[in-house]
Number of protein chains: 2
Amino acid sequence: MSEFVATAEFDRATALSGSAPGFAVTLDGRWDSEAGANGGFMLALATRALGRVLPFPDPVVVSGFFLRPGFPGPAEVRTELVRAGKTTAFGQASLRRDGKEVLRATAAFTDLDAAAARDAPSYAGGAPPALPPPQQCRVLPAGAIRGLTFAERIEYRMAGLPHWATGGRPSGNPAYEGWMRFADGREPDMFSLPLFADVMAPAVLEVGVRAVTTVELTAHLRARPAPGWLAFRVLTRNLADGYLEEDCELWDSAGRLVAQSRQLALVIG
Amino acid sequence: MSEFVATAEFDRATALSGSAPGFAVTLDGRWDSEAGANGGFMLALATRALGRVLPFPDPVVVSGFFLRPGFPGPAEVRTELVRAGKTTAFGQASLRRDGKEVLRATAAFTDLDAAAARDAPSYAGGAPPALPPPQQCRVLPAGAIRGLTFAERIEYRMAGLPHWATGGRPSGNPAYEGWMRFADGREPDMFSLPLFADVMAPAVLEVGVRAVTTVELTAHLRARPAPGWLAFRVLTRNLADGYLEEDCELWDSAGRLVAQSRQLALVIG
């Protein structure tokens with residue numbers, strides 16, 4: 001692979017040096033919120049590292065606990081093959097910065113082709129967001145929230161702009177829908193879905209919260225996404241004692257649910 | 001604590017011997033499905049062990065990956081204090097049986113009294129299940145599903161009995177609501193909520209699935225439950241390629257949302 005030149009920004013930012021179980025990485029500051037690297041970005045990085053040590057191709061669930069901010073600079077991902085079974089393999093990854101652990105992530109991988117071939121019943125109780133085509137939506141300006149460098153790497157389209165992009169009042173309804181994709185044209189894949197699950201402004205901005213920090217994020221990665229825009233739906237049902245859950249669904253351009261994520265976050269402003 | 005005699009079944013079953021970081025436990029076979037100890041029970045056991053090593057009282061999120069069946073017999077819980085911050089502490093627990101890891105669990109703890117005192121905005125976008133009082137509901141027979149010993153430890157009340165308890169046809173709608181509590185009168189607490197989040201029959205029984213196994217379960221524990229019955233709501237939105245998510249909400253007798261859980265499960269029958 002030494003001749004390979006990664007051209008997409010996300011691939012450059014998640015490039016791994018060295019060999020298993022430990023990889024050198026660089027947090028490049030281009031996927032950051034005010035407090036260091038976006039949680040979903042770091043979870044995607046950990047998932048990519050686990051993809052190098054687990055014997056199946058598809059991450060189906062990854063859970064990350066965010067221990068400290070991931071500020072820009074050189075870092076390390078240590079991986080552990082926890083268990084390799086016949087249909088599922090489990091691994092753990094630890095992202096470290098200056099010797100201190102920033103993220104502890106655990107994941108299960110499988111082979112989705114083999115899973116699909118087992119021909120189990122299927123059921124779809126939800127539907128993609130009912131959105132106009134991306135071309136007919138409003139462009140969410142990349143600078144709508146200051147200090148979010150990741151928002152320059154991703155394009156957003158929404159049927160209507162949220163209050164924080166227009167200077168209006170919070171709607172009172174902590175939910176958003178829209179489209180997103182990499183700004184540089186890279187197509188989505190399962191390894192980028194943890195990032196996409198965490199790059200929307202917190203839905204609770206709509207009920208007067210100003211800032212939150214993610215304690216834990218679990219993403220179920222349910223299918224390999226088709227090329228094109230991803231439709232997202234984020235919402236919060238319960239904000240109490242400063243804690244909230246935020247759910248995110250991601251649907252691919254073929255109308256398939258490709259990820260369901262939930263995070264526990266803490267209000268910090 | 002040597003004089004203490006735990007009388008409730010759940011407390012006896014999750015009793016820890018020894019001292020941190022490793023505890024001896026016994027999987028007593030009384031909280032089992034066909035394939036060993038119920039996942040939520042094992043997650044509750046791991047959470048209790050973490051309560052002994054983390055400096056805050058309240059587990060707010062716990063995620064467990066299920067690596068192997070937890071068959072009855074002596075076992076061990078090894079704990080690790082991952083990080084203790086000012087408001088949140090993180091720990092990891094590994095449940096081992098015959099030297100093999102059965103469960104890898106990670107959790108975050110805080111002090112919910114201190115969190116409540118910070119006086120952040122609140123929002124409630126959901127409501128408890130609209131159920132008749134438990135006394136007016138149907139009793140779900142403990143033997144409704146064979147081989148589930150945990151169902152003898154918990155009482156269930158439902159407005160209508162599901163098809164698998166009556167010999168009827170699947171409803172086609174993978175969702176249930178009802179009441180539950182410990183059969184021996186022990187009151188719910190935060191450490192038993194991971195168990196309650198995983199002791200309902202899989203909602204996908206209603207779409208023709210016969211058996212599933214949990215790959216991963218994340219439970220957000222949002223409040224200390226009031227004494228009395230817990231109302232539960234379980235549902236699945238997406239079953240594809242043999243994988244499904246199942247969400248569970250638990251509401252206490254005061255009408256407060258005390259837990260939100262989601263698991264990724266795999267169809268095995």
# chains A, B, ... in the order shown; residues from 1 in each chain; ligands from 1

call {"tool": "closest_atom_pairs", "arguments": {"of": "stretch 23-142 of chain A", "to": "stretch 264-268 of chain A", "cutoff": "12 Å", "atoms": "only C-alpha atoms", "output": "Markdown table"}}
result
| residue | atom | partner | partner_atom | distance |
| --- | --- | --- | --- | --- |
| A:Ala35 | CA | A:Ile268 | CA | 11.4 |
| A:Gly39 | CA | A:Ala265 | CA | 11.0 |
| A:Ser63 | CA | A:Leu264 | CA | 11.2 |
| A:Gly64 | CA | A:Leu264 | CA | 10.7 |
| A:Phe65 | CA | A:Leu264 | CA | 9.7 |
| A:Phe66 | CA | A:Ala265 | CA | 10.1 |

call {"tool": "residues_around", "arguments": {"residues": "stretch 146-155 of chain A", "least_positions_apart": "4", "cutoff": "8 Å", "atoms": "only C-alpha atoms", "output": "NGL selection string"}}
result
:A and (9 or 29-34 or 38 or 139-140 or 142 or 180-184 or 199)

call {"tool": "residues_around", "arguments": {"residues": "A:Gly51", "least_positions_apart": "4", "cutoff": "12 Å", "atoms": "only C-alpha atoms", "output": "VMD selection string"}}
result
chain A and resid 16 20 to 21 44 to 47 55 to 60 62 79 to 81 89 to 93 106 to 111 190 to 191

call {"tool": "write_last_selection", "arguments": {"atoms": "C-alpha atoms", "output": "PDB file, in the first residue's frame"}}
result
ATOM      1  CA  LEU A  16      -2.956   4.952  10.103  1.00  0.00           C
ATOM      2  CA  ALA A  20      -1.305  -3.646  14.581  1.00  0.00           C
ATOM      3  CA  PRO A  21      -1.931  -3.496  17.445  1.00  0.00           C
ATOM      4  CA  ALA A  44     -14.645   6.770  12.959  1.00  0.00           C
ATOM      5  CA  LEU A  45     -10.865   6.839  13.389  1.00  0.00           C
ATOM      6  CA  ALA A  46     -11.034   4.125  16.051  1.00  0.00           C
ATOM      7  CA  THR A  47     -13.373   2.078  13.861  1.00  0.00           C
ATOM      8  CA  PRO A  55     -11.313 -10.589  10.576  1.00  0.00           C
ATOM      9  CA  PHE A  56     -14.641  -9.299   9.199  1.00  0.00           C
ATOM     10  CA  PRO A  57     -15.176  -6.338   6.873  1.00  0.00           C
ATOM     11  CA  ASP A  58     -18.242  -4.581   8.292  1.00  0.00           C
ATOM     12  CA  PRO A  59     -18.505  -2.707  11.594  1.00  0.00           C
ATOM     13  CA  VAL A  60     -22.118  -3.207  12.751  1.00  0.00           C
ATOM     14  CA  VAL A  62     -19.398   0.767  17.740  1.00  0.00           C
ATOM     15  CA  THR A  79      -6.218  -1.885  19.362  1.00  0.00           C
ATOM     16  CA  GLU A  80      -7.174  -5.177  20.960  1.00  0.00           C
ATOM     17  CA  LEU A  81      -8.806  -8.157  19.280  1.00  0.00           C
ATOM     18  CA  ALA A  89     -15.675 -10.343  15.945  1.00  0.00           C
ATOM     19  CA  PHE A  90     -15.195  -7.870  18.769  1.00  0.00           C
ATOM     20  CA  GLY A  91     -12.416  -5.367  19.256  1.00  0.00           C
ATOM     21  CA  GLN A  92     -11.466  -2.442  21.393  1.00  0.00           C
ATOM     22  CA  ALA A  93      -9.525   0.687  20.519  1.00  0.00           C
ATOM     23  CA  THR A 106     -15.547  -1.060  21.492  1.00  0.00           C
ATOM     24  CA  ALA A 107     -16.957  -2.521  18.298  1.00  0.00           C
ATOM     25  CA  ALA A 108     -18.438  -5.625  16.720  1.00  0.00           C
ATOM     26  CA  PHE A 109     -17.730  -6.500  13.099  1.00  0.00           C
ATOM     27  CA  THR A 110     -19.361  -9.033  10.801  1.00  0.00           C
ATOM     28  CA  ASP A 111     -19.683  -9.854   7.106  1.00  0.00           C
ATOM     29  CA  MET A 190     -19.572   2.278   6.732  1.00  0.00           C
ATOM     30  CA  PHE A 191     -16.370   3.661   8.247  1.00  0.00           C
TER      31      PHE A 191
END

call {"tool": "residues_around", "arguments": {"residues": "B:Ser171", "least_positions_apart": "3", "cutoff": "8 Å", "atoms": "only C-alpha atoms", "output": "PDB file with all heavy atoms, in the first residue's frame"}}
result
ATOM      1  N   HIS B 163     -49.051 -12.541  21.380  1.00  0.00           N
ATOM      2  CA  HIS B 163     -49.461 -13.783  20.705  1.00  0.00           C
ATOM      3  C   HIS B 163     -48.754 -15.007  21.265  1.00  0.00           C
ATOM      4  O   HIS B 163     -49.329 -16.084  21.345  1.00  0.00           O
ATOM      5  CB  HIS B 163     -49.204 -13.665  19.201  1.00  0.00           C
ATOM      6  CG  HIS B 163     -47.805 -13.966  18.797  1.00  0.00           C
ATOM      7  ND1 HIS B 163     -46.785 -13.039  18.841  1.00  0.00           N
ATOM      8  CD2 HIS B 163     -47.228 -15.120  18.377  1.00  0.00           C
ATOM      9  CE1 HIS B 163     -45.665 -13.601  18.437  1.00  0.00           C
ATOM     10  NE2 HIS B 163     -45.894 -14.847  18.148  1.00  0.00           N
ATOM     11  N   PRO B 174     -43.901  -4.882  15.806  1.00  0.00           N
ATOM     12  CA  PRO B 174     -42.886  -5.251  16.806  1.00  0.00           C
ATOM     13  C   PRO B 174     -42.780  -4.224  17.934  1.00  0.00           C
ATOM     14  O   PRO B 174     -41.801  -3.471  18.016  1.00  0.00           O
ATOM     15  CB  PRO B 174     -41.602  -5.349  15.982  1.00  0.00           C
ATOM     16  CG  PRO B 174     -41.812  -4.396  14.848  1.00  0.00           C
ATOM     17  CD  PRO B 174     -43.295  -4.390  14.559  1.00  0.00           C
ATOM     18  N   GLU B 206     -43.118 -10.523  17.075  1.00  0.00           N
ATOM     19  CA  GLU B 206     -44.380 -10.101  16.442  1.00  0.00           C
ATOM     20  C   GLU B 206     -44.284  -9.984  14.922  1.00  0.00           C
ATOM     21  O   GLU B 206     -45.281  -9.703  14.255  1.00  0.00           O
ATOM     22  CB  GLU B 206     -44.860  -8.772  17.039  1.00  0.00           C
ATOM     23  CG  GLU B 206     -45.194  -8.839  18.522  1.00  0.00           C
ATOM     24  CD  GLU B 206     -46.384  -9.759  18.849  1.00  0.00           C
ATOM     25  OE1 GLU B 206     -47.066 -10.201  17.917  1.00  0.00           O
ATOM     26  OE2 GLU B 206     -46.591 -10.039  20.047  1.00  0.00           O
ATOM     27  N   VAL B 207     -43.090 -10.154  14.367  1.00  0.00           N
ATOM     28  CA  VAL B 207     -42.982 -10.174  12.899  1.00  0.00           C
ATOM     29  C   VAL B 207     -42.396 -11.503  12.426  1.00  0.00           C
ATOM     30  O   VAL B 207     -41.803 -11.580  11.346  1.00  0.00           O
ATOM     31  CB  VAL B 207     -42.172  -8.979  12.340  1.00  0.00           C
ATOM     32  CG1 VAL B 207     -42.929  -7.681  12.573  1.00  0.00           C
ATOM     33  CG2 VAL B 207     -40.775  -8.894  12.942  1.00  0.00           C
TER      34      VAL B 207
END

call {"tool": "closest_residue", "arguments": {"among": "A:Ala124, A:Leu131, A:Met42, A:Leu95", "to": "chain B", "atoms": "only C-alpha atoms"}}
result
A:Ala124
